[in-house]
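Trainee: File input26.pdb below, PDB, C-alpha atoms:
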ATOM      1  CA  MET A1426      99.021  86.926 125.209
ATOM      2  CA  LYS A1427     101.164  88.607 127.869
ATOM      3  CA  PRO A1428     101.789  86.817 131.193
ATOM      4  CA  GLU A1429      99.893  89.556 133.047
ATOM      5  CA  ASP A1430      96.904  89.002 130.760
ATOM      6  CA  HIS A1431      97.033  85.294 131.529
ATOM      7  CA  GLU A1432      96.956  86.070 135.252
ATOM      8  CA  ARG A1433      94.166  88.617 134.785
ATOM      9  CA  LEU A1434      92.050  86.042 132.961
ATOM     10  CA  GLN A1435      92.523  83.511 135.742
ATOM     11  CA  ALA A1436      91.501  86.068 138.380
ATOM     12  CA  LEU A1437      88.497  87.348 136.397
ATOM     13  CA  GLY A1438      87.303  83.891 135.446
ATOM     14  CA  ALA A1439      87.695  82.259 138.846
ATOM     15  CA  ASP A1440      83.939  82.444 139.484
ATOM     16  CA  LEU A1441      82.774  81.426 136.015
ATOM     17  CA  PRO A1442      80.218  78.605 136.115
ATOM     18  CA  PRO A1443      81.420  75.318 134.593
ATOM     19  CA  ASN A1444      80.943  74.462 130.913
ATOM     20  CA  ILE A1445      80.600  78.038 129.671
ATOM     21  CA  ARG A1446      80.601  77.762 125.884
ATOM     22  CA  LEU A1447      82.634  80.005 123.606
ATOM     23  CA  ARG A1448      82.650  79.528 119.825
ATOM     24  CA  LEU A1449      85.812  80.198 117.882
ATOM     25  CA  VAL A1450      84.989  80.554 114.192
ATOM     26  CA  LEU A1451      87.983  80.276 111.876
ATOM     27  CA  THR A1452      87.812  81.233 108.217
ATOM     28  CA  ARG A1453      90.097  81.602 105.226
ATOM     29  CA  HIS A1454      91.080  85.051 106.494
ATOM     30  CA  ASP A1455      94.808  85.633 107.118
ATOM     31  CA  LEU A1456      94.250  86.340 110.835
ATOM     32  CA  SER A1457      92.563  83.030 111.606
ATOM     33  CA  ASP A1458      95.861  81.629 112.891
ATOM     34  CA  ARG A1459      96.104  84.476 115.410
ATOM     35  CA  PHE A1460      92.569  83.802 116.584
ATOM     36  CA  GLN A1461      93.315  80.107 116.907
ATOM     37  CA  ASP A1462      96.391  80.861 119.004
ATOM     38  CA  TYR A1463      94.408  83.315 121.133
ATOM     39  CA  GLY A1464      91.741  80.678 121.712
ATOM     40  CA  ARG A1465      94.378  78.181 122.791
ATOM     41  CA  GLN A1466      95.866  80.626 125.305
ATOM     42  CA  LEU A1467      92.405  81.561 126.544
ATOM     43  CA  HIS A1468      91.604  77.914 127.176
ATOM     44  CA  GLU A1469      94.906  77.419 128.969
ATOM     45  CA  ALA A1470      94.051  80.270 131.342
ATOM     46  CA  LEU A1471      90.434  79.140 131.743
ATOM     47  CA  PRO A1472      90.346  75.350 131.187
ATOM     48  CA  GLY A1473      86.731  75.192 132.373
ATOM     49  CA  ILE A1474      85.545  76.974 129.249
ATOM     50  CA  ASP A1475      84.016  74.778 126.568
ATOM     51  CA  LEU A1476      85.844  76.214 123.564
ATOM     52  CA  VAL A1477      84.143  75.013 120.378
ATOM     53  CA  THR A1478      86.189  75.585 117.234
ATOM     54  CA  VAL A1479      84.332  75.823 113.925
ATOM     55  CA  VAL A1480      85.985  76.162 110.520
ATOM     56  CA  GLU A1481      83.968  78.027 107.881
ATOM     57  CA  ASP A1482      84.894  78.073 104.195
ATOM     58  CA  ILE A1483      84.387  81.831 103.909
ATOM     59  CA  SER A1484      86.699  84.815 103.534
ATOM     60  CA  GLU A1485      85.158  86.888 106.346
ATOM     61  CA  PRO A1486      87.293  87.815 109.366
ATOM     62  CA  PRO A1487      87.303  85.176 112.135
ATOM     63  CA  TRP A1488      85.515  85.753 115.429
ATOM     64  CA  LEU A1489      84.815  84.608 118.957
ATOM     65  CA  GLU A1490      81.161  84.345 119.990
ATOM     66  CA  THR A1491      79.661  83.887 123.441
ATOM     67  CA  ALA A1492      76.553  81.887 124.287
ATOM     68  CA  ALA A1493      74.645  85.196 124.503
ATOM     69  CA  GLY A1494      75.546  85.934 120.881
ATOM     70  CA  ILE A1495      78.124  88.643 121.561
ATOM     71  CA  ARG A1496      80.691  88.504 118.779
ATOM     72  CA  PHE A1497      84.301  89.576 119.185
ATOM     73  CA  GLN A1498      86.162  90.296 115.972
ATOM     74  CA  ALA A1499      88.899  91.413 118.270
ATOM     75  CA  LEU A1500      91.537  89.882 120.539
ATOM     76  CA  PRO A1501      90.930  91.638 123.876
ATOM     77  CA  GLU A1502      93.947  92.415 126.025
ATOM     78  CA  GLY A1503      94.533  94.302 129.292
ATOM     79  CA  ASP A1504      91.431  95.924 130.762
ATOM     80  CA  LYS A1505      89.372  94.851 127.742
ATOM     81  CA  LEU A1506      89.603  91.307 129.108
ATOM     82  CA  ASP A1507      87.154  92.392 131.818
ATOM     83  CA  SER A1508      84.456  92.786 129.162
ATOM     84  CA  LEU A1509      85.291  89.483 127.483
ATOM     85  CA  ILE A1510      84.881  87.635 130.775
ATOM     86  CA  ALA A1511      81.722  89.611 131.597
ATOM     87  CA  ALA A1512      80.313  88.536 128.220
ATOM     88  CA  LEU A1513      80.920  84.894 129.144
ATOM     89  CA  PHE A1514      78.883  85.027 132.361
ATOM     90  CA  PRO A1515      75.219  84.064 131.906
ATOM     91  CA  PRO A1516      72.802  87.031 131.856
ATOM     92  CA  GLY A1517      72.009  88.278 135.336
ATOM     93  CA  GLN A1518      75.281  87.092 136.838
ATOM     94  CA  ASP A1519      78.308  89.160 137.823
ATOM     95  CA  GLU A1520      77.029  92.455 136.402
ATOM     96  CA  ALA A1521      75.734  95.798 137.599
ATOM     97  CA  PRO A1522      71.978  96.404 137.262
ATOM     98  CA  ILE A1523      70.791  98.157 134.096
ATOM     99  CA  PRO A1524      68.981 101.489 134.679
ATOM    100  CA  GLU A1525      65.220 101.049 134.489
ATOM    101  CA  MET A1526      64.697 103.305 131.465
ATOM    102  CA  GLN A1527      67.438 101.519 129.500
ATOM    103  CA  ARG A1528      65.856  98.155 130.363
ATOM    104  CA  LYS A1529      62.494  99.422 129.107
ATOM    105  CA  TRP A1530      64.028 100.499 125.793
ATOM    106  CA  LEU A1531      65.578  97.049 125.424
ATOM    107  CA  GLU A1532      62.240  95.350 126.101
ATOM    108  CA  GLN A1533      60.442  97.523 123.532
ATOM    109  CA  MET A1534      62.619  96.438 120.605
ATOM    110  CA  ALA A1535      60.297  94.754 118.091
ATOM    111  CA  LEU A1536      62.943  92.785 116.200
ATOM    112  CA  PRO A1537      66.541  91.759 116.871
ATOM    113  CA  VAL A1538      69.057  94.331 115.723
ATOM    114  CA  GLU A1539      72.823  94.164 115.369
ATOM    115  CA  ILE A1540      75.061  97.033 116.357
ATOM    116  CA  ARG A1541      78.795  97.160 115.716
ATOM    117  CA  LEU A1542      81.149  98.690 118.252
ATOM    118  CA  PHE A1543      84.523  99.638 116.788
ATOM    119  CA  ILE A1544      87.420  99.799 119.231
ATOM    120  CA  ALA A1545      91.224  99.999 119.045
ATOM    121  CA  PRO A1546      94.040  98.883 121.393
ATOM    122  CA  ALA A1547      95.312 102.347 122.420
ATOM    123  CA  CYS A1548      91.882 103.965 122.802
ATOM    124  CA  PRO A1549      91.364 105.257 126.394
ATOM    125  CA  PHE A1550      87.567 105.412 126.092
ATOM    126  CA  CYS A1551      87.061 102.009 124.467
ATOM    127  CA  PRO A1552      87.141  99.835 127.616
ATOM    128  CA  GLY A1553      84.299 101.838 129.177
ATOM    129  CA  ALA A1554      82.186 101.723 126.020
ATOM    130  CA  LEU A1555      82.898  98.031 125.622
ATOM    131  CA  GLN A1556      81.889  97.265 129.198
ATOM    132  CA  GLN A1557      78.655  99.233 128.862
ATOM    133  CA  TRP A1558      77.496  97.699 125.591
ATOM    134  CA  VAL A1559      78.394  94.160 126.624
ATOM    135  CA  ALA A1560      76.166  94.604 129.686
ATOM    136  CA  LEU A1561      73.332  95.987 127.536
ATOM    137  CA  ALA A1562      73.646  93.164 124.990
ATOM    138  CA  LYS A1563      73.375  90.609 127.781
ATOM    139  CA  ALA A1564      70.330  92.371 129.249
ATOM    140  CA  GLY A1565      68.550  92.767 125.912
ATOM    141  CA  PRO A1566      67.893  89.450 124.134
ATOM    142  CA  ARG A1567      67.113  91.304 120.883
ATOM    143  CA  LEU A1568      70.262  93.411 120.970
ATOM    144  CA  ARG A1569      73.113  91.797 119.021
ATOM    145  CA  LEU A1570      76.581  93.209 119.620
ATOM    146  CA  ALA A1571      79.604  92.786 117.378
ATOM    147  CA  VAL A1572      82.851  94.144 118.778
ATOM    148  CA  ILE A1573      85.361  94.958 116.039
ATOM    149  CA  ASP A1574      88.992  95.941 116.452
ATOM    150  CA  GLY A1575      89.397  98.510 113.686
ATOM    151  CA  ALA A1576      93.187  98.295 113.909
ATOM    152  CA  LEU A1577      93.126  94.520 113.568
ATOM    153  CA  PHE A1578      90.602  94.615 110.725
ATOM    154  CA  PRO A1579      91.147  97.913 108.891
ATOM    155  CA  GLU A1580      89.082  96.661 105.952
ATOM    156  CA  MET A1581      86.012  96.513 108.200
ATOM    157  CA  ALA A1582      86.730  99.998 109.514
ATOM    158  CA  ARG A1583      87.006 101.312 105.945
ATOM    159  CA  GLU A1584      83.758  99.625 104.956
ATOM    160  CA  ASP A1585      81.911 101.389 107.779
ATOM    161  CA  LYS A1586      83.861 104.636 107.255
ATOM    162  CA  ILE A1587      85.207 104.631 110.806
ATOM    163  CA  GLN A1588      87.359 107.676 111.564
ATOM    164  CA  ALA A1589      87.491 107.537 115.378
ATOM    165  CA  VAL A1590      86.959 105.067 118.192
ATOM    166  CA  PRO A1591      84.916 104.073 120.009
ATOM    167  CA  THR A1592      82.217 104.261 117.335
ATOM    168  CA  LEU A1593      78.874 102.496 117.424
ATOM    169  CA  VAL A1594      77.274 101.727 114.043
ATOM    170  CA  LEU A1595      73.642 100.839 113.323
ATOM    171  CA  ASP A1596      72.462  99.779 109.851
ATOM    172  CA  ARG A1597      75.566 101.418 108.318
ATOM    173  CA  HIS A1598      73.635 104.699 108.329
ATOM    174  CA  LEU A1599      73.623 105.799 111.972
ATOM    175  CA  ARG A1600      76.765 106.155 114.056
ATOM    176  CA  TRP A1601      77.837 107.605 117.358
ATOM    177  CA  SER A1602      81.474 108.262 118.300
ATOM    178  CA  GLY A1603      83.374 109.182 121.432
ATOM    179  CA  ARG A1604      81.071 109.452 124.433
ATOM    180  CA  ILE A1605      78.194 107.429 123.027
ATOM    181  CA  PRO A1606      74.768 108.680 124.251
ATOM    182  CA  VAL A1607      73.434 105.367 125.495
ATOM    183  CA  ASP A1608      69.852 106.468 126.210
ATOM    184  CA  ALA A1609      69.506 108.150 122.802
ATOM    185  CA  VAL A1610      70.842 105.071 121.003
ATOM    186  CA  LEU A1611      68.543 102.694 122.868
ATOM    187  CA  GLU A1612      65.545 104.927 122.162
ATOM    188  CA  GLN A1613      66.472 104.864 118.485
ATOM    189  CA  LEU A1614      66.691 101.061 118.555
ATOM    190  CA  ALA A1615      63.369 100.704 120.362
ATOM    191  CA  THR A1616      61.413 103.111 118.165
ATOM    192  CA  ARG A1617      62.948 102.345 114.778
ATOM    193  CA  ASP A1618      60.436 101.308 112.158
ATOM    194  CA  PRO A1619      61.081  97.630 111.273
ATOM    195  CA  SER A1620      59.374  98.188 107.920
ATOM    196  CA  ARG A1621      62.409 100.251 106.884
ATOM    197  CA  LEU A1622      64.747  97.273 107.071
ATOM    198  CA  ASP A1623      66.386  96.509 103.743
ATOM    199  CA  SER A1624      66.168  93.078 102.129
ATOM    200  CA  ALA A1625      69.628  92.040 103.388
ATOM    201  CA  ALA A1626      68.704  92.834 107.005
ATOM    202  CA  LEU A1627      65.357  91.096 106.655
ATOM    203  CA  ASN A1628      66.993  88.022 105.128
ATOM    204  CA  GLY A1629      69.566  87.990 107.922
ATOM    205  CA  LEU A1630      66.821  87.787 110.534
ATOM    206  CA  ILE A1631      65.041  84.999 108.671
ATOM    207  CA  LYS A1632      68.290  83.034 108.281
ATOM    208  CA  GLU A1633      68.750  83.228 112.046
ATOM    209  CA  GLY A1634      65.487  81.343 112.505
ATOM    210  CA  LEU A1635      63.407  84.435 113.284
ATOM    211  CA  ALA A1636      60.829  84.082 110.514
ATOM    212  CA  SER A1637      57.964  84.003 113.029
ATOM    213  CA  GLN A1638      59.165  87.226 114.639
ATOM    214  CA  VAL A1639      59.492  88.897 111.242
ATOM    215  CA  ALA A1640      55.957  87.790 110.401
ATOM    216  CA  GLN A1641      54.659  89.049 113.741
ATOM    217  CA  ALA A1642      56.273  92.443 113.162
ATOM    218  CA  MET A1643      54.335  92.739 109.894
ATOM    219  CA  LEU A1644      51.140  91.572 111.561
ATOM    220  CA  ASP A1645      51.638  94.185 114.274
ATOM    221  CA  LYS A1646      52.277  96.914 111.706
ATOM    222  CA  GLY A1647      49.340  95.842 109.571
ATOM    223  CA  HIS A1648      51.237  95.849 106.286
ATOM    224  CA  LEU A1649      53.883  93.815 104.480
ATOM    225  CA  PHE A1650      57.426  95.117 104.338
ATOM    226  CA  PRO A1651      58.367  95.734 100.657
ATOM    227  CA  PRO A1652      61.808  94.047 100.958
ATOM    228  CA  LEU A1653      59.929  90.790 101.522
ATOM    229  CA  PHE A1654      58.862  90.906  97.872
ATOM    230  CA  ASP A1655      62.535  90.923  96.864
ATOM    231  CA  LEU A1656      63.183  87.843  98.984
ATOM    232  CA  LEU A1657      60.191  85.965  97.559
ATOM    233  CA  THR A1658      61.633  86.385  94.056
ATOM    234  CA  HIS A1659      65.300  85.994  95.007
ATOM    235  CA  PRO A1660      67.291  83.722  92.660
ATOM    236  CA  GLU A1661      68.609  81.632  95.579
ATOM    237  CA  TRP A1662      66.228  78.940  96.801
ATOM    238  CA  PRO A1663      67.092  79.117 100.551
ATOM    239  CA  VAL A1664      66.328  82.846 100.545
ATOM    240  CA  ARG A1665      62.955  82.284  98.867
ATOM    241  CA  LEU A1666      62.164  79.441 101.256
ATOM    242  CA  GLY A1667      62.669  81.634 104.317
ATOM    243  CA  ALA A1668      60.465  84.374 102.845
ATOM    244  CA  MET A1669      57.804  81.792 101.985
ATOM    245  CA  VAL A1670      57.732  80.665 105.631
ATOM    246  CA  VAL A1671      57.069  84.273 106.630
ATOM    247  CA  MET A1672      54.218  84.523 104.130
ATOM    248  CA  GLU A1673      52.693  81.223 105.268
ATOM    249  CA  THR A1674      52.739  82.449 108.868
ATOM    250  CA  ILE A1675      51.028  85.708 107.935
ATOM    251  CA  ALA A1676      48.455  83.958 105.725
ATOM    252  CA  ALA A1677      47.470  81.639 108.575
ATOM    253  CA  VAL A1678      46.722  84.594 110.863
ATOM    254  CA  ASN A1679      45.584  87.372 108.534
ATOM    255  CA  PRO A1680      44.687  86.250 104.987
ATOM    256  CA  ARG A1681      43.689  89.755 103.939
ATOM    257  CA  LEU A1682      47.094  91.139 104.897
ATOM    258  CA  ALA A1683      48.837  88.241 103.131
ATOM    259  CA  ALA A1684      46.906  89.024  99.951
ATOM    260  CA  GLU A1685      48.764  92.362  99.739
ATOM    261  CA  VAL A1686      51.649  90.416  98.218
ATOM    262  CA  LEU A1687      49.702  89.479  95.084
ATOM    263  CA  PRO A1688      50.095  92.669  92.978
ATOM    264  CA  ALA A1689      53.863  92.726  93.586
ATOM    265  CA  LEU A1690      54.230  89.062  92.662
ATOM    266  CA  ARG A1691      52.128  89.439  89.544
ATOM    267  CA  GLN A1692      54.177  92.442  88.459
ATOM    268  CA  ARG A1693      57.451  90.527  88.882
ATOM    269  CA  TYR A1694      56.289  87.161  87.582
ATOM    270  CA  ASP A1695      57.095  87.428  83.863
ATOM    271  CA  ARG A1696      60.773  88.276  84.332
ATOM    272  CA  GLN A1697      61.542  85.360  86.685
ATOM    273  CA  GLU A1698      63.262  82.077  85.934
ATOM    274  CA  ASP A1699      60.973  79.032  85.915
ATOM    275  CA  ALA A1700      62.168  77.815  89.332
ATOM    276  CA  VAL A1701      61.265  81.171  90.866
ATOM    277  CA  LYS A1702      57.943  81.206  88.993
ATOM    278  CA  GLY A1703      57.001  77.910  90.621
ATOM    279  CA  ASP A1704      57.518  79.360  94.098
ATOM    280  CA  VAL A1705      55.686  82.569  93.183
ATOM    281  CA  LEU A1706      52.724  80.479  92.037
ATOM    282  CA  TYR A1707      52.813  78.555  95.306
ATOM    283  CA  ILE A1708      52.549  81.802  97.305
ATOM    284  CA  MET A1709      49.740  82.952  95.029
ATOM    285  CA  GLY A1710      47.918  79.761  95.860
ATOM    286  CA  GLU A1711      48.425  80.303  99.583
ATOM    287  CA  THR A1712      47.335  83.948  99.554
ATOM    288  CA  GLY A1713      45.113  84.375  96.490
ATOM    289  CA  ASP A1714      41.354  84.432  96.031
ATOM    290  CA  HIS A1715      38.890  84.385  93.120
ATOM    291  CA  ARG A1716      40.643  87.411  91.598
ATOM    292  CA  THR A1717      43.832  85.382  91.225
ATOM    293  CA  VAL A1718      42.150  82.477  89.467
ATOM    294  CA  PRO A1719      42.143  83.861  85.873
ATOM    295  CA  PHE A1720      45.896  84.474  85.964
ATOM    296  CA  LEU A1721      46.612  81.016  87.363
ATOM    297  CA  GLU A1722      44.325  79.378  84.803
ATOM    298  CA  ASP A1723      46.149  81.192  82.014
ATOM    299  CA  VAL A1724      49.546  79.988  83.309
ATOM    300  CA  ALA A1725      48.282  76.423  83.734
ATOM    301  CA  ALA A1726      46.967  76.391  80.145
ATOM    302  CA  HIS A1727      49.783  78.143  78.295
ATOM    303  CA  SER A1728      53.110  77.792  80.100
ATOM    304  CA  SER A1729      55.689  75.857  78.105
ATOM    305  CA  ASN A1730      57.200  74.368  81.269
ATOM    306  CA  PRO A1731      55.218  71.415  82.643
ATOM    307  CA  ASP A1732      56.511  72.058  86.183
ATOM    308  CA  VAL A1733      55.196  75.622  86.044
ATOM    309  CA  CYS A1734      51.857  74.358  84.727
ATOM    310  CA  GLN A1735      51.672  71.901  87.596
ATOM    311  CA  ALA A1736      52.510  74.638  90.130
ATOM    312  CA  ALA A1737      49.688  76.775  88.730
ATOM    313  CA  ARG A1738      47.229  73.877  88.954
ATOM    314  CA  GLU A1739      48.250  73.202  92.551
ATOM    315  CA  ALA A1740      47.800  76.885  93.373
ATOM    316  CA  LEU A1741      44.301  76.784  91.883
ATOM    317  CA  ALA A1742      43.503  73.712  93.949
ATOM    318  CA  SER A1743      44.711  75.459  97.099
ATOM    319  CA  ILE A1744      42.468  78.462  96.460
ATOM    320  CA  GLN A1745      39.512  76.198  95.696
ATOM    321  CA  GLN A1746      40.065  74.221  98.893
ATOM    322  CA  ARG A1747      40.051  77.399 100.992
ATOM    323  CA  ARG A1748      36.900  78.641  99.289
ATOM    324  CA  GLU A1749      35.112  75.371 100.026
ATOM    325  CA  SER A1750      36.199  75.323 103.671
ATOM    326  CA  ALA A1751      35.409  78.992 104.307
ATOM    327  CA  PRO A1752      32.395  79.610 106.563
TER     328      PRO A1752
END
So, in terms of C-alpha cells, how does the structure I just supplied come out?
Mentor:
Amino acid sequence: MKPEDHERLQALGADLPPNIRLRLVLTRHDLSDRFQDYGRQLHEALPGIDLVTVVEDISEPPWLETAAGIRFQALPEGDKLDSLIAALFPPGQDEAPIPEMQRKWLEQMALPVEIRLFIAPACPFCPGALQQWVALAKAGPRLRLAVIDGALFPEMAREDKIQAVPTLVLDRHLRWSGRIPVDAVLEQLATRDPSRLDSAALNGLIKEGLASQVAQAMLDKGHLFPPLFDLLTHPEWPVRLGAMVVMETIAAVNPRLAAEVLPALRQRYDRQEDAVKGDVLYIMGETGDHRTVPFLEDVAAHSSNPDVCQAAREALASIQQRRESAP
C-alpha cells in the first residue's frame, strides 16, 4: 500500500464508528499472502476496525467481506478506497440518498441475489461504478455484491467471459458493461422469476440460512421450483437436509402445494442410493396422502435394506397420524 493510500484511508475512516467488523478470508490460493498483507496495512491505518481473519481450506480466491455482506476479491487502491470505506459504514450512514425508484426496485426483490462487478486498476469508469453499486448493496438487504479485480484474478474474468470493465454480471447469463444502466438492472433484479433459479443458486440461498425465504417464494408463486427436486435427491446429505427444511416449511403452510413433489420423487426413487431413498421416503411421509400409501407399503414389505424399510414404515405412520388429526 502506497503512503498516500495510507493517508487517504486515515482521512476517509476518521468518522467510522468503533468496532466495525471486516472479515479477511484466506484460502489456499496463491494471492492469500497479498490479502493478508493488505489486511495488516489496512488495520494499521484504521486500528479501530475489528479485522477478523478466517482461514478456509479451499482453493477459491481470498476475499474481504464487510458486515453488510459486500465482498471484495480485490485490493482497492487510490480513489477505489473511497468505496471500500463507504462499504464499511453501517447502512444509512455517510452516503447519498438512493433515488426513490431505485429504492422501490430493491424492496421488491423476492429473494437475495448476487451480482458480480468486475473492475481493473487502470479503468477510469470503475471507481464510479464501484461507488454506485456499493451504495445500492448497502441500501438493498437482498442485493449481494461481489467486487472482483479481473486483473488480479484473471481466472475469474475468464470464467465469466469478461472482455471489458466495468462489467456487472448476473447469473452468468446477463451482463452489462461500460456505463451500466442502473435502473434497467434493478428492474431486472426485482422482476426476475425466482422459479428460474438453477439448483446451484437455490442451494446457495439455502446454505446461507434462507430456507424460509426460499419456501415463501414458492408459496407466493403457488408452485414448487423444479431445481428443488434435484436438491432433495442430491448425493450430499447437507444439501438434502437444507431442501428438506424447505419442504417441511411448505408442507406446514400449504400441504396441497407440498404434495406436488410426490410424482418427481417417485420417478427418481429407484435410481437413488439407500441413504437418499431414506430421505425421499421421509419427505413422502411429510407430504403424502392415501395415494402414497400403496407405494410406501410395497417398500416397507420388500426392500432388502432394513433402514429403508423402517423409513417407509415411519412415513406411513406420519401419513396415518395426519389423517387421524385432520378435521
Trainee: Counting all atoms listed in the file, note down every residue that has an atom within 9 Å of the point (52.9, 73.4, 90.3) (file coordinates), as a PyMOL selection string.
Mentor: chain A and resi 1703-1704+1706-1707+1725+1731-1740
Trainee: What residues have an atom no more than 10 Å from (42.7, 76.5, 87.4) in the file's own frame, counting only C-alpha atoms, and can you write them as an MDAnalysis selection string?
Mentor: chainID A and resid 1717:1726 1734 1737:1745
Trainee: Carefully work through the PyMOL selection byres ((chain A and resi 1465-1476) around 9) for this structure and note down the residues it includes, as JSON, numbers by chain.
Mentor: {"A": [1426, 1431, 1432, 1434, 1435, 1438, 1439, 1441, 1442, 1443, 1444, 1445, 1446, 1447, 1448, 1449, 1460, 1461, 1462, 1463, 1464, 1477, 1478]}
Trainee: Please save C-alpha atoms of the selected residues as a short mmCIF file (atom, residue, chain, number, x, y, z; two decimals), keeping the file's coordinate frame.
Mentor:
data_model
loop_
_atom_site.label_atom_id
_atom_site.label_comp_id
_atom_site.auth_asym_id
_atom_site.auth_seq_id
_atom_site.Cartn_x
_atom_site.Cartn_y
_atom_site.Cartn_z
CA MET A 1426 99.02 86.93 125.21
CA HIS A 1431 97.03 85.29 131.53
CA GLU A 1432 96.96 86.07 135.25
CA LEU A 1434 92.05 86.04 132.96
CA GLN A 1435 92.52 83.51 135.74
CA GLY A 1438 87.30 83.89 135.45
CA ALA A 1439 87.70 82.26 138.85
CA LEU A 1441 82.77 81.43 136.01
CA PRO A 1442 80.22 78.60 136.12
CA PRO A 1443 81.42 75.32 134.59
CA ASN A 1444 80.94 74.46 130.91
CA ILE A 1445 80.60 78.04 129.67
CA ARG A 1446 80.60 77.76 125.88
CA LEU A 1447 82.63 80.00 123.61
CA ARG A 1448 82.65 79.53 119.82
CA LEU A 1449 85.81 80.20 117.88
CA PHE A 1460 92.57 83.80 116.58
CA GLN A 1461 93.32 80.11 116.91
CA ASP A 1462 96.39 80.86 119.00
CA TYR A 1463 94.41 83.32 121.13
CA GLY A 1464 91.74 80.68 121.71
CA VAL A 1477 84.14 75.01 120.38
CA THR A 1478 86.19 75.58 117.23
#
Trainee: Atom CA of A:Phe1650 to atom CA of A:Arg1496: how many Å, to one decimal?
Mentor: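 So the two atoms, atom CA of A:Phe1650 and atom CA of A:Arg1496, lie 28.2 Å apart.
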Trainee: Give me, please, the distance in Å between atom CA of A:Leu1542 and atom CA of A:Pro1501, quoted to one decimal.
Mentor: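 Between atom CA of A:Leu1542 and atom CA of A:Pro1501 the gap is 13.3 Å.
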Trainee: Please expand the PyMOL selection byres ((chain A and resi 1521) around 12) into the concrete residues it hits in this file, giving the result as a short mmCIF file (atom, residue, chain, number, x, y, z; two decimals) with C-alpha atoms, in the frame of the given file.
Mentor:
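Output saved as selection.cif:
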data_model
loop_
_atom_site.label_atom_id
_atom_site.label_comp_id
_atom_site.auth_asym_id
_atom_site.auth_seq_id
_atom_site.Cartn_x
_atom_site.Cartn_y
_atom_site.Cartn_z
CA ALA A 1511 81.72 89.61 131.60
CA PRO A 1516 72.80 87.03 131.86
CA GLY A 1517 72.01 88.28 135.34
CA GLN A 1518 75.28 87.09 136.84
CA ASP A 1519 78.31 89.16 137.82
CA GLU A 1520 77.03 92.46 136.40
CA PRO A 1522 71.98 96.40 137.26
CA ILE A 1523 70.79 98.16 134.10
CA PRO A 1524 68.98 101.49 134.68
CA GLN A 1556 81.89 97.26 129.20
CA GLN A 1557 78.66 99.23 128.86
CA VAL A 1559 78.39 94.16 126.62
CA ALA A 1560 76.17 94.60 129.69
CA LEU A 1561 73.33 95.99 127.54
CA LYS A 1563 73.38 90.61 127.78
CA ALA A 1564 70.33 92.37 129.25
#
Trainee: Please evaluate the PyMOL selection byres ((chain A and resi 1549) around 12) against the displayed coordinates and give the resulting residues as a PyMOL selection string.
Mentor: chain A and resi 1503-1505+1544-1548+1550-1555+1589-1591+1603-1604
Trainee: Can you work out which one of A:Ala1642, A:Ala1493, A:Ile1540, A:Leu1500 has the shortest atom-to-atom distance to A:Ala1576, counting all atoms listed in the file?
Mentor: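 Of all the options, A:Leu1500 lies closest to A:Ala1576.
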Trainee: Need the shell around stretch 1664-1672 of chain A: protein/DNA/RNA residues with any atom at most 8 Å away, counting all atoms listed in the file. Skip same-chain ones fewer than 6 positions apart. Format as a ChimeraX atom specification?
Mentor: /A:1628,1631-1632,1636-1637,1639-1640,1653,1656-1658,1683,1704,1708
Trainee: What's the separation between atom CA of A:Phe1543 and atom CA of A:Leu1513, in Å to one decimal place?
Mentor: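 So the answer is 19.6 Å.
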Trainee: Using all atoms listed in the file, which of A:Glu1539, A:Glu1532, A:Glu1502, A:Asp1714 sits nearest A:Thr1616?
Mentor: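 The closest residue to A:Thr1616 is A:Glu1532.
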Trainee: Quick one: of A:Ile1495, A:Leu1644, A:Leu1568, A:Ile1483, who's nearest to A:Ala1677, counting all atoms listed in the file?
Mentor: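 That would be A:Leu1644, the residue with the smallest distance to A:Ala1677.
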Trainee: Would you mind listing what lies within 8 Å of A:Val1450 as a list in words, with all atoms listed in the file counted and same-chain residues fewer than 4 positions away left out?
Mentor: Thr1478, Val1479, Val1480, Glu1481, Pro1487, Trp1488, Leu1489 and Glu1490 of chain A
Trainee: Check the smallest atom-to-atom distance from each of A:Asp1507, A:Ile1587, A:Leu1531, A:Gly1575 to A:Val1607 using all atoms listed in the file, then report the winner.
Mentor: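 Looking only at the distances to A:Val1607, the closest residue turns out to be A:Leu1531.
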Trainee: Find the spatial neighbours of A:Leu1593, counting all atoms listed in the file, within a cut-off of 6 Å - ignore same-chain residues fewer than 6 positions away - and output them as an MDAnalysis selection string.
Mentor: chainID A and resid 1541:1542 1600:1601
Trainee: Restricting the calculation to only C-alpha atoms: of A:Ile1510, A:Leu1456, A:Ala1582, A:Leu1611, which residue gets closest to A:Arg1528?
Mentor: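 Between A:Ile1510, A:Leu1456, A:Ala1582, A:Leu1611, the residue approaching A:Arg1528 most closely is A:Leu1611.
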Trainee: Which of these, A:Pro1619, A:Gly1565, A:Pro1579, A:Pro1606, has the shortest distance to A:Asp1645 once you count only C-alpha atoms?
Mentor: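 Of the candidates, the smallest distance to A:Asp1645 is held by A:Pro1619.
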Trainee: Near A:Arg1681, within 12 Å and counting all atoms listed in the file, which residues show up once chain neighbours fewer than 6 positions away are dropped, as number ranges by chain?
Mentor: A: 1644, 1647-1649, 1672, 1675, 1687, 1711-1714
Trainee: So that I can check the surroundings of A:Arg1621, please list as a ChimeraX atom specification every protein, DNA and RNA residue that reaches within 10 Å of it, counting all atoms listed in the file and ignoring chain neighbours fewer than 5 positions away.
Mentor: /A:1626-1627,1650-1652
Trainee: Reconstruct stretch 1451-1455 of chain A at the level of N, CA and C atoms, and format the result as an mmCIF file, in the coordinates of the input.
Mentor:
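Once written, result39.cif looks like this:
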data_model
loop_
_atom_site.group_PDB
_atom_site.id
_atom_site.type_symbol
_atom_site.label_atom_id
_atom_site.label_comp_id
_atom_site.auth_asym_id
_atom_site.auth_seq_id
_atom_site.Cartn_x
_atom_site.Cartn_y
_atom_site.Cartn_z
ATOM 1 N N LEU A 1451 86.826 80.024 112.722
ATOM 2 C CA LEU A 1451 87.983 80.276 111.876
ATOM 3 C C LEU A 1451 87.547 80.269 110.418
ATOM 4 N N THR A 1452 88.172 81.099 109.622
ATOM 5 C CA THR A 1452 87.812 81.233 108.217
ATOM 6 C C THR A 1452 89.074 81.202 107.364
ATOM 7 N N ARG A 1453 88.926 81.538 106.101
ATOM 8 C CA ARG A 1453 90.097 81.602 105.226
ATOM 9 C C ARG A 1453 90.886 82.896 105.414
ATOM 10 N N HIS A 1454 90.421 83.759 106.272
ATOM 11 C CA HIS A 1454 91.080 85.051 106.494
ATOM 12 C C HIS A 1454 92.491 84.850 107.054
ATOM 13 N N ASP A 1455 93.399 85.754 106.709
ATOM 14 C CA ASP A 1455 94.808 85.633 107.118
ATOM 15 C C ASP A 1455 94.995 85.622 108.633
#
